[in-house]
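Listing of final.cif; format and content: mmCIF, C-alpha atoms.
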data_start
#
loop_
_atom_site.label_atom_id
_atom_site.label_comp_id
_atom_site.auth_asym_id
_atom_site.auth_seq_id
_atom_site.Cartn_x
_atom_site.Cartn_y
_atom_site.Cartn_z
CA MET A 20 -142.06 6.98 207.82
CA ASN A 21 -141.96 3.32 206.91
CA ASP A 22 -145.70 3.45 206.56
CA VAL A 23 -145.49 6.30 204.08
CA LEU A 24 -142.89 4.51 202.02
CA PHE A 25 -144.33 1.02 201.85
CA ASN A 26 -148.05 1.35 202.45
CA VAL A 27 -149.20 3.17 199.36
CA GLY A 28 -152.74 4.46 199.67
CA TYR A 29 -155.11 6.99 198.20
CA GLY A 30 -153.23 9.89 199.71
CA HIS A 31 -150.17 9.04 197.66
CA PHE A 32 -152.10 9.23 194.43
CA LEU A 33 -153.82 12.46 195.42
CA VAL A 34 -150.56 14.10 196.43
CA LEU A 35 -148.90 12.93 193.21
CA ALA A 36 -151.75 14.45 191.20
CA ALA A 37 -151.51 17.69 193.19
CA VAL A 38 -147.78 17.93 192.58
CA LEU A 39 -148.25 17.29 188.86
CA PHE A 40 -150.92 19.97 188.72
CA LEU A 41 -148.63 22.37 190.55
CA ILE A 42 -145.79 21.71 188.12
CA GLY A 43 -148.13 22.30 185.20
CA MET A 44 -149.33 25.54 186.74
CA VAL A 45 -145.78 26.74 187.31
CA GLY A 46 -145.06 25.95 183.66
CA VAL A 47 -148.05 27.94 182.45
CA LEU A 48 -147.15 30.90 184.63
CA LEU A 49 -143.39 31.01 184.09
CA ARG A 50 -142.70 29.86 180.57
CA ARG A 51 -143.10 32.17 177.61
CA ASN A 52 -143.04 29.65 174.80
CA ALA A 53 -146.56 28.87 173.64
CA MET A 54 -145.69 25.22 173.00
CA ILE A 55 -144.47 24.71 176.56
CA ILE A 56 -147.60 26.40 177.88
CA LEU A 57 -149.77 24.00 175.88
CA MET A 58 -147.82 21.04 177.22
CA SER A 59 -148.20 22.30 180.77
CA VAL A 60 -151.95 22.55 180.25
CA GLU A 61 -151.97 18.92 179.14
CA LEU A 62 -150.09 18.07 182.30
CA MET A 63 -152.70 19.80 184.43
CA LEU A 64 -155.52 17.99 182.66
CA ASN A 65 -153.78 14.69 183.35
CA ALA A 66 -153.42 15.55 187.01
CA ALA A 67 -157.13 16.32 187.20
CA ASN A 68 -157.88 13.00 185.55
CA MET A 69 -155.77 11.18 188.07
CA THR A 70 -157.62 12.85 190.92
CA LEU A 71 -160.95 11.88 189.37
CA LEU A 72 -159.93 8.25 189.06
CA THR A 73 -158.55 8.11 192.57
CA PHE A 74 -161.73 9.47 194.09
CA SER A 75 -163.81 7.13 191.97
CA ARG A 76 -161.74 4.21 193.21
CA MET A 77 -162.17 5.48 196.72
CA TRP A 78 -165.88 6.17 196.88
CA GLY A 79 -167.26 4.13 194.02
CA ASP A 80 -169.17 5.57 191.11
CA VAL A 81 -172.22 7.48 192.25
CA GLY A 82 -174.98 8.31 189.82
CA ALA A 83 -175.13 7.73 186.12
CA LEU A 84 -171.70 8.63 184.77
CA SER A 85 -168.62 6.84 185.97
CA ALA A 86 -165.31 8.57 186.45
CA HIS A 87 -163.96 6.65 183.49
CA THR A 88 -166.46 8.24 181.15
CA PHE A 89 -165.59 11.60 182.66
CA ALA A 90 -161.88 10.96 182.18
CA LEU A 91 -162.45 9.90 178.58
CA ILE A 92 -164.32 13.14 177.95
CA VAL A 93 -161.39 15.05 179.44
CA ILE A 94 -159.00 13.20 177.14
CA GLY A 95 -161.17 14.06 174.14
CA VAL A 96 -161.33 17.71 175.13
CA ALA A 97 -157.56 17.71 175.64
CA ALA A 98 -157.05 16.32 172.15
CA ALA A 99 -159.32 18.97 170.65
CA GLU A 100 -157.57 21.66 172.67
CA ALA A 101 -154.16 20.48 171.50
CA ALA A 102 -155.25 20.50 167.86
CA VAL A 103 -156.75 23.99 167.98
CA GLY A 104 -153.97 25.36 170.17
CA LEU A 105 -151.25 24.09 167.87
CA ALA A 106 -153.12 25.49 164.88
CA ILE A 107 -153.16 28.87 166.59
CA VAL A 108 -149.44 28.55 167.32
CA VAL A 109 -148.74 27.80 163.67
CA ALA A 110 -150.89 30.74 162.53
CA VAL A 111 -149.20 33.11 164.98
CA PHE A 112 -145.77 31.90 163.97
CA ARG A 113 -146.60 32.44 160.33
CA GLY A 114 -147.43 36.07 160.96
CA ARG A 115 -144.78 36.97 163.54
CA ARG A 116 -141.95 34.43 163.26
CA SER A 117 -142.12 33.90 167.00
CA VAL A 118 -144.19 31.95 169.53
CA ASP A 119 -143.20 34.07 172.52
CA VAL A 120 -146.43 34.90 174.31
CA ASP A 121 -144.92 38.04 175.85
CA LYS A 122 -144.56 39.52 172.39
CA LEU A 123 -148.21 38.94 171.54
CA ASN A 124 -149.37 42.29 172.87
CA ALA A 125 -151.00 43.77 169.78
CA LEU A 126 -154.35 44.08 171.53
CA ARG A 127 -152.84 46.04 174.39
CA HIS A 128 -152.48 49.33 172.50
CA MET B 29 -131.06 29.86 190.16
CA LYS B 30 -134.63 29.66 188.96
CA THR B 31 -134.36 25.90 188.74
CA PHE B 32 -133.08 25.81 192.29
CA ALA B 33 -136.01 27.88 193.51
CA LEU B 34 -138.38 25.59 191.67
CA LEU B 35 -136.85 22.50 193.25
CA LEU B 36 -137.03 24.15 196.64
CA ALA B 37 -140.73 24.85 196.20
CA LEU B 38 -141.37 21.25 195.19
CA GLY B 39 -139.39 19.94 198.12
CA MET B 40 -141.55 22.11 200.31
CA VAL B 41 -144.66 20.60 198.76
CA LEU B 42 -143.44 17.09 199.45
CA GLY B 43 -142.41 17.98 202.97
CA VAL B 44 -145.81 19.39 203.79
CA ALA B 45 -147.61 16.60 202.00
CA THR B 46 -145.96 13.74 203.87
CA PRO B 47 -148.19 14.09 206.96
CA ALA B 48 -151.14 14.16 204.61
CA ILE B 49 -150.08 10.82 203.17
CA VAL B 50 -149.76 9.34 206.62
CA HIS B 51 -153.16 10.66 207.51
CA ALA B 52 -154.89 9.41 204.40
CA GLN B 53 -153.88 5.80 204.71
CA PRO B 54 -156.45 3.28 203.61
CA VAL B 55 -158.53 1.68 206.29
CA PRO B 56 -157.21 -1.68 207.44
CA ALA B 57 -158.87 -4.77 206.08
CA ALA B 58 -160.44 -5.52 209.45
CA GLN B 59 -162.45 -2.31 209.19
CA ALA B 60 -163.10 -2.53 205.49
CA ALA B 61 -164.37 -6.07 205.39
CA PRO B 62 -167.59 -5.71 207.44
CA SER B 63 -168.78 -2.86 205.25
CA ALA B 64 -168.61 -5.09 202.20
CA LYS B 65 -171.88 -6.73 203.07
CA PRO B 66 -174.33 -6.64 200.20
CA GLN B 67 -176.49 -3.58 200.36
CA ALA B 68 -180.20 -3.61 199.96
CA ASP B 69 -180.29 -1.97 196.54
CA LEU B 70 -177.10 -3.54 195.26
CA PRO B 71 -177.50 -7.16 196.26
CA SER B 72 -174.78 -8.80 194.20
CA VAL B 73 -172.06 -6.18 194.44
CA ALA B 74 -169.20 -7.29 196.60
CA HIS B 75 -166.04 -5.62 197.73
CA PRO B 76 -163.55 -5.71 194.89
CA HIS B 77 -160.65 -6.68 197.07
CA ASP B 78 -162.30 -9.30 199.21
CA ASP B 79 -160.09 -11.99 197.83
CA VAL B 80 -156.85 -10.07 197.97
CA VAL B 81 -154.62 -10.95 200.85
CA GLU B 82 -153.96 -7.85 202.89
CA SER B 83 -150.39 -6.98 202.18
CA HIS B 84 -148.12 -4.03 202.35
CA GLY B 85 -147.05 -4.83 198.82
CA THR B 86 -143.46 -3.67 199.19
CA GLY B 87 -142.53 -4.47 195.62
CA MET B 88 -145.53 -2.60 194.27
CA ALA B 89 -144.80 0.33 196.57
CA LEU B 90 -141.31 0.46 195.10
CA LEU B 91 -142.80 0.47 191.60
CA PHE B 92 -145.18 3.25 192.65
CA TRP B 93 -142.29 5.40 193.74
CA ILE B 94 -140.38 4.68 190.54
CA PHE B 95 -143.31 5.68 188.35
CA ALA B 96 -144.16 8.68 190.48
CA ALA B 97 -140.56 9.81 190.10
CA ALA B 98 -140.92 9.33 186.32
CA CYS B 99 -144.07 11.48 186.34
CA ILE B 100 -142.60 14.29 188.37
CA GLY B 101 -139.18 14.15 186.74
CA GLY B 102 -140.70 14.26 183.28
CA ALA B 103 -142.94 17.16 184.27
CA LEU B 104 -139.98 19.07 185.69
CA PHE B 105 -138.10 18.33 182.49
CA VAL B 106 -140.96 19.89 180.51
CA ILE B 107 -140.96 23.18 182.35
CA THR B 108 -137.18 23.60 182.67
CA ARG B 109 -135.78 22.62 179.25
CA ARG B 110 -135.04 25.24 176.65
CA ASN B 111 -134.89 22.64 173.91
CA LEU B 112 -138.45 21.90 172.84
CA ILE B 113 -137.74 18.35 171.68
CA ALA B 114 -136.21 17.57 175.07
CA ALA B 115 -139.35 18.96 176.69
CA VAL B 116 -141.54 16.70 174.57
CA MET B 117 -139.44 13.69 175.49
CA GLY B 118 -139.86 14.56 179.17
CA MET B 119 -143.58 14.82 178.54
CA VAL B 120 -143.64 11.34 177.01
CA GLY B 121 -141.82 9.97 180.07
CA SER B 122 -144.32 11.70 182.32
CA PHE B 123 -147.25 10.25 180.40
CA ILE B 124 -145.84 6.75 180.55
CA GLY B 125 -145.47 7.15 184.30
CA ILE B 126 -149.04 8.39 184.57
CA ALA B 127 -150.24 5.38 182.57
CA ALA B 128 -148.45 3.07 184.99
CA ILE B 129 -150.03 4.91 187.90
CA TYR B 130 -153.46 4.40 186.31
CA MET B 131 -152.65 0.72 186.09
CA MET B 132 -151.93 0.70 189.81
CA LEU B 133 -155.35 2.24 190.37
CA TYR B 134 -156.74 -0.75 188.44
CA ALA B 135 -157.93 1.57 185.64
CA GLN B 136 -156.53 -0.65 182.91
CA PHE B 137 -158.50 0.71 179.98
CA LEU B 138 -157.59 4.29 180.72
CA ALA B 139 -153.94 3.33 181.15
CA VAL B 140 -153.83 1.87 177.66
CA LEU B 141 -155.71 4.85 176.30
CA GLN B 142 -153.27 7.19 178.00
CA MET B 143 -150.38 5.53 176.19
CA LEU B 144 -152.17 5.52 172.83
CA VAL B 145 -153.70 8.97 172.82
CA TYR B 146 -151.25 11.04 174.84
CA ALA B 147 -147.84 9.40 174.51
CA GLY B 148 -148.69 8.44 170.95
CA ALA B 149 -150.95 10.81 169.09
CA ILE B 150 -150.80 14.15 170.90
CA MET B 151 -147.05 14.07 171.40
CA VAL B 152 -146.52 13.26 167.71
CA LEU B 153 -148.63 16.32 166.92
CA PHE B 154 -146.42 18.44 169.18
CA VAL B 155 -143.24 17.09 167.60
CA PHE B 156 -144.66 17.83 164.15
CA VAL B 157 -145.37 21.46 164.99
CA ILE B 158 -141.99 21.88 166.68
CA MET B 159 -140.28 20.55 163.59
CA ILE B 160 -142.30 22.94 161.41
CA LEU B 161 -141.50 25.96 163.57
CA ASN B 162 -137.89 25.00 164.28
CA ARG B 163 -137.14 27.92 166.53
CA PRO B 164 -135.10 27.52 169.69
CA GLU B 165 -136.32 29.45 172.66
CA ASP B 166 -134.26 32.46 173.64
CA GLU B 167 -135.22 32.95 177.28
CA PRO B 168 -136.84 30.14 179.27
CA VAL B 169 -138.31 32.09 182.16
CA ALA B 170 -139.83 35.53 182.10
CA PRO B 171 -137.81 38.01 184.16
CA THR B 172 -139.75 39.46 187.05
CA GLY B 173 -138.91 42.11 189.59
CA ARG B 174 -138.26 41.56 193.26
CA ALA B 175 -141.85 42.49 194.13
CA GLY B 176 -143.21 39.91 191.72
CA GLN B 177 -141.00 37.24 193.20
CA VAL B 178 -142.12 38.07 196.73
CA VAL B 179 -145.79 38.03 195.79
CA GLY B 180 -145.33 34.82 193.83
CA GLY B 181 -143.54 33.17 196.73
CA ILE B 182 -146.30 34.13 199.15
CA ALA B 183 -148.90 32.85 196.71
CA ILE B 184 -147.08 29.54 196.33
CA ILE B 185 -146.76 29.11 200.09
CA TYR B 186 -150.46 29.88 200.55
CA LEU B 187 -151.39 27.44 197.81
CA VAL B 188 -149.22 24.70 199.28
CA GLY B 189 -150.77 25.29 202.68
CA ARG B 190 -154.27 25.06 201.30
CA LEU B 191 -153.44 21.92 199.31
CA ALA B 192 -151.90 20.25 202.34
CA GLY B 193 -154.90 21.23 204.43
CA ILE B 194 -157.29 19.70 201.93
CA LEU B 195 -155.25 16.54 201.57
CA MET B 196 -154.98 16.08 205.30
CA ASN B 197 -158.75 16.02 205.50
CA VAL B 198 -159.10 13.24 202.95
CA VAL B 199 -161.64 10.91 204.50
CA VAL B 200 -161.36 7.30 203.50
CA PRO B 201 -164.91 6.00 203.51
CA THR B 202 -165.67 3.63 206.34
CA SER B 203 -169.36 2.84 205.94
CA GLY B 204 -170.95 1.53 202.80
CA ALA B 205 -173.23 4.39 201.94
CA VAL B 206 -172.44 5.30 198.37
CA GLY B 207 -171.71 3.90 195.03
CA MET B 208 -170.78 0.66 193.40
CA GLY B 209 -168.92 -1.54 195.80
CA ALA B 210 -167.73 1.37 197.89
CA PRO B 211 -166.00 1.75 200.23
CA ARG B 212 -162.82 0.10 199.26
CA ALA B 213 -159.38 0.31 200.68
CA LEU B 214 -156.74 0.61 198.05
CA THR B 215 -154.51 -2.40 198.37
CA LEU B 216 -151.68 -2.74 195.97
CA ALA B 217 -151.46 -6.39 195.07
CA PRO B 218 -148.27 -8.20 196.06
CA TYR B 219 -145.79 -8.18 193.23
CA GLY B 220 -146.40 -10.88 190.68
CA THR B 221 -150.00 -11.63 191.58
CA THR B 222 -153.17 -10.72 189.78
CA PRO B 223 -156.05 -9.57 191.96
CA ALA B 224 -159.31 -11.19 191.01
CA GLU B 225 -161.79 -8.35 191.01
CA SER B 226 -165.34 -9.23 191.70
CA VAL B 227 -166.43 -5.71 190.73
CA PRO B 228 -165.25 -4.86 187.23
CA TRP B 229 -164.01 -1.37 187.98
CA GLY B 230 -161.93 0.04 185.17
CA THR B 231 -162.02 -2.92 182.84
CA VAL B 232 -162.85 -2.48 179.18
CA LYS B 233 -166.20 -4.12 179.79
CA ALA B 234 -167.19 -1.84 182.66
CA VAL B 235 -166.06 1.31 180.86
CA GLY B 236 -167.80 0.26 177.66
CA MET B 237 -171.06 -0.53 179.45
CA ASP B 238 -171.03 2.90 181.01
CA LEU B 239 -169.82 4.75 177.93
CA PHE B 240 -172.48 3.30 175.65
CA GLY B 241 -175.16 3.32 178.30
CA ALA B 242 -175.45 6.36 180.51
CA GLY B 243 -172.55 8.12 178.78
CA MET B 244 -174.02 7.94 175.29
CA PHE B 245 -174.83 11.62 174.99
CA PRO B 246 -171.43 12.91 176.19
CA PHE B 247 -169.81 10.39 173.86
CA GLU B 248 -171.64 11.79 170.86
CA ALA B 249 -171.01 15.34 172.03
CA ILE B 250 -167.27 14.61 172.19
CA SER B 251 -167.32 13.28 168.64
CA ILE B 252 -168.97 16.49 167.44
CA LEU B 253 -166.45 18.52 169.43
CA LEU B 254 -163.57 16.67 167.80
CA LEU B 255 -165.05 17.22 164.35
CA VAL B 256 -165.44 20.94 165.02
CA ALA B 257 -161.88 21.09 166.41
CA VAL B 258 -160.45 19.41 163.31
CA VAL B 259 -162.29 21.76 160.96
CA GLY B 260 -161.36 24.75 163.09
CA ALA B 261 -157.71 23.74 163.27
CA ILE B 262 -157.51 23.47 159.48
CA ALA B 263 -159.30 26.79 159.06
CA ILE B 264 -156.98 28.56 161.50
CA ALA B 265 -153.68 27.05 160.43
CA ARG B 266 -153.90 27.52 156.69
CA PRO B 267 -152.69 30.79 155.19
CA LEU B 268 -155.25 33.51 154.62
CA HIS B 269 -154.02 34.30 151.14
CA PRO B 270 -152.55 31.84 148.66
CA HIS B 271 -149.18 33.61 148.53
CA ASP B 272 -149.05 34.55 152.17
CA GLY B 273 -147.22 31.62 153.69
CA THR B 274 -143.84 30.61 152.37
CA ASP B 275 -144.49 26.98 153.16
CA ALA B 276 -147.80 26.82 151.35
CA ASP B 277 -147.93 24.40 148.48
CA PRO B 278 -148.65 26.43 145.34
CA GLY B 279 -150.35 23.44 143.79
CA THR B 280 -153.23 23.56 146.24
CA HIS B 281 -153.93 27.24 145.60
CA PRO B 282 -154.40 27.71 141.86
#

This entry written out as structure tokens:
Amino acid sequence: MNDVLFNVGYGHFLVLAAVLFLIGMVGVLLRRNAMIILMSVELMLNAANMTLLTFSRMWGDVGALSAHTFALIVIGVAAAEAAVGLAIVVAVFRGRRSVDVDKLNALRH
Amino acid sequence: MKTFALLLALGMVLGVATPAIVHAQPVPAAQAAPSAKPQADLPSVAHPHDDVVESHGTGMALLFWIFAAACIGGALFVITRRNLIAAVMGMVGSFIGIAAIYMMLYAQFLAVLQMLVYAGAIMVLFVFVIMILNRPEDEPVAPTGRAGQVVGGIAIIYLVGRLAGILMNVVVPTSGAVGMGAPRALTLAPYGTTPAESVPWGTVKAVGMDLFGAGMFPFEAISILLLVAVVGAIAIARPLHPHDGTDADPGTHP
């Protein structure tokens, strides 16, 4: 127990990333507000980034691309996703006065 | 009630994950040091932590727990708050914690970038849109039937089991077979000291050399992606007809 508390290793970082990913997934699955869902997706991307960095630290960078470049690409994609996602939220809100994803069922019938 | 169930599930995760943490401890310095011999193809690369005194780093461990608590607490705040601004503030706290965790992984450049891009730019974008919409949420969690809850609970338990199984099999490398300066035991530096890294992992220089060397094509591709995203966001968000949106500026649509 003392070892777990005071000897922080790779496992701590991996478990932290897994817990963050889990929280993000719970947010995506349970919440109905589109904004919260977008934020949860950002959370999951961050958790994946943390896992990438931890494994890179652990094993070293193999091959051409380093984990840092990979993580930077993920950050760029997350920024693009946030911009487009928020634009969609604004467009949906303009038409329906609501961002509740459960009410967006026009394609169902 | 829902919050309680959520907390219970997370407690379960931590409870199952604790043996995984014990199992995945870094190799002691006595084992790690012999593998740091220069390899044939990488003659000058040394172990990054050769000159760090092996230490349990109690102060740094305390900081790790504080920042991990900030990450998880902020994330829980995001998915439980009904007030969107409160959720964004929790998100900012979570991102700051994640940046500190990156710093502990010696990924300094990415830590700074995390603060700038996420806690700064993206969260400002979220706050902007929330202020534009200005609608409080009516119901935070979708109501599900008993069957859905049972199936969801089983799925969560299965997922936690699989995660714990994977994490328990984390193998800390013991022989120098791969990569730049690998293997390396993660040693948090004693509080107040600066580890002198002989391998520049995570510094601005190392990241820049990689980004503008081997990562040149992805870098350019990301810039094109961002351009397309900006154009697409403007195209999606603006009203279809000049008099459609109430908040449209009439001056821009003559």

Considering all atoms listed in the file, can you say which of B:Ala265, B:Met143, B:Val259, B:Ile182 comes closest to chain A? B:Ala265

Run the PyMOL selection byres ((chain A and resi 82-99) around 7) mentally over the shown coordinates, then write out the matched residues as a PyMOL selection string, using the chain letters and numbers from the document. (chain A and resi 61+68+71-72+75+80-81+100-103) or (chain B and resi 150+235+238-239+242-243+250+254+257)

Quick check on the file I pasted: which residues fall under the PyMOL selection byres ((chain A and resi 40) around 9)? Write them as a PyMOL selection string. chain A and resi 35-39+41-45+59-60+62-67

When the PyMOL selection byres ((chain B and resi 146-149) around 10) is applied to the structure above, which residues does it catch, written out as a PyMOL selection string? (chain A and resi 61+65+94+97-98) or (chain B and resi 116-117+119-124+127+140-145+150-154)

Can you tell me how far atom CA of B:Ile126 sits from atom CA of B:Ser251, in Å to one decimal? 24.7 Å

Just to confirm, what's the straight-line distance from atom CA of B:Gly173 to atom CA of B:Ala114 in Å (one decimal)? 28.6 Å

For B:Ile94, please output as a PyMOL selection string all residues within 12 Å (counting all atoms listed in the file; exclusion window: fewer than 3 positions along the same chain). (chain A and resi 24) or (chain B and resi 87-91+97-101+121-122+124-126+128-129)

Go ahead and dump the residues you just picked, C-alpha atoms, as a PDB file, keeping the file's coordinate frame.
ATOM      1  CA  LEU A  24    -142.890   4.510 202.020  1.00  0.00           C
TER       2      LEU A  24
ATOM      3  CA  GLY B  87    -142.530  -4.470 195.620  1.00  0.00           C
ATOM      4  CA  MET B  88    -145.530  -2.600 194.270  1.00  0.00           C
ATOM      5  CA  ALA B  89    -144.800   0.330 196.570  1.00  0.00           C
ATOM      6  CA  LEU B  90    -141.310   0.460 195.100  1.00  0.00           C
ATOM      7  CA  LEU B  91    -142.800   0.470 191.600  1.00  0.00           C
ATOM      8  CA  ALA B  97    -140.560   9.810 190.100  1.00  0.00           C
ATOM      9  CA  ALA B  98    -140.920   9.330 186.320  1.00  0.00           C
ATOM     10  CA  CYS B  99    -144.070  11.480 186.340  1.00  0.00           C
ATOM     11  CA  ILE B 100    -142.600  14.290 188.370  1.00  0.00           C
ATOM     12  CA  GLY B 101    -139.180  14.150 186.740  1.00  0.00           C
ATOM     13  CA  GLY B 121    -141.820   9.970 180.070  1.00  0.00           C
ATOM     14  CA  SER B 122    -144.320  11.700 182.320  1.00  0.00           C
ATOM     15  CA  ILE B 124    -145.840   6.750 180.550  1.00  0.00           C
ATOM     16  CA  GLY B 125    -145.470   7.150 184.300  1.00  0.00           C
ATOM     17  CA  ILE B 126    -149.040   8.390 184.570  1.00  0.00           C
ATOM     18  CA  ALA B 128    -148.450   3.070 184.990  1.00  0.00           C
ATOM     19  CA  ILE B 129    -150.030   4.910 187.900  1.00  0.00           C
TER      20      ILE B 129
END

Taking only C-alpha atoms into account, which of A:Leu57, A:Val111, A:Ala106, A:Ala125 comes nearest chain B? A:Ala106

At most 8 Å from (-142.6, 26.5, 163.8), file frame, all atoms listed in the file: which residues, as a VMD selection string? (chain A and resid 108 to 109 112 to 113 116) or (chain B and resid 157 to 163)

Straight-line distance linking atom CA of A:Asn26 with atom CA of B:Gly193, stated in Å to one decimal: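 A separation of 21.1 Å between them.
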
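Of the listed residues (A:Ala53, A:Val118, A:Leu123, A:Met69), A:Ala53 comes nearest to B:Ile107; the distances count only C-alpha atoms.
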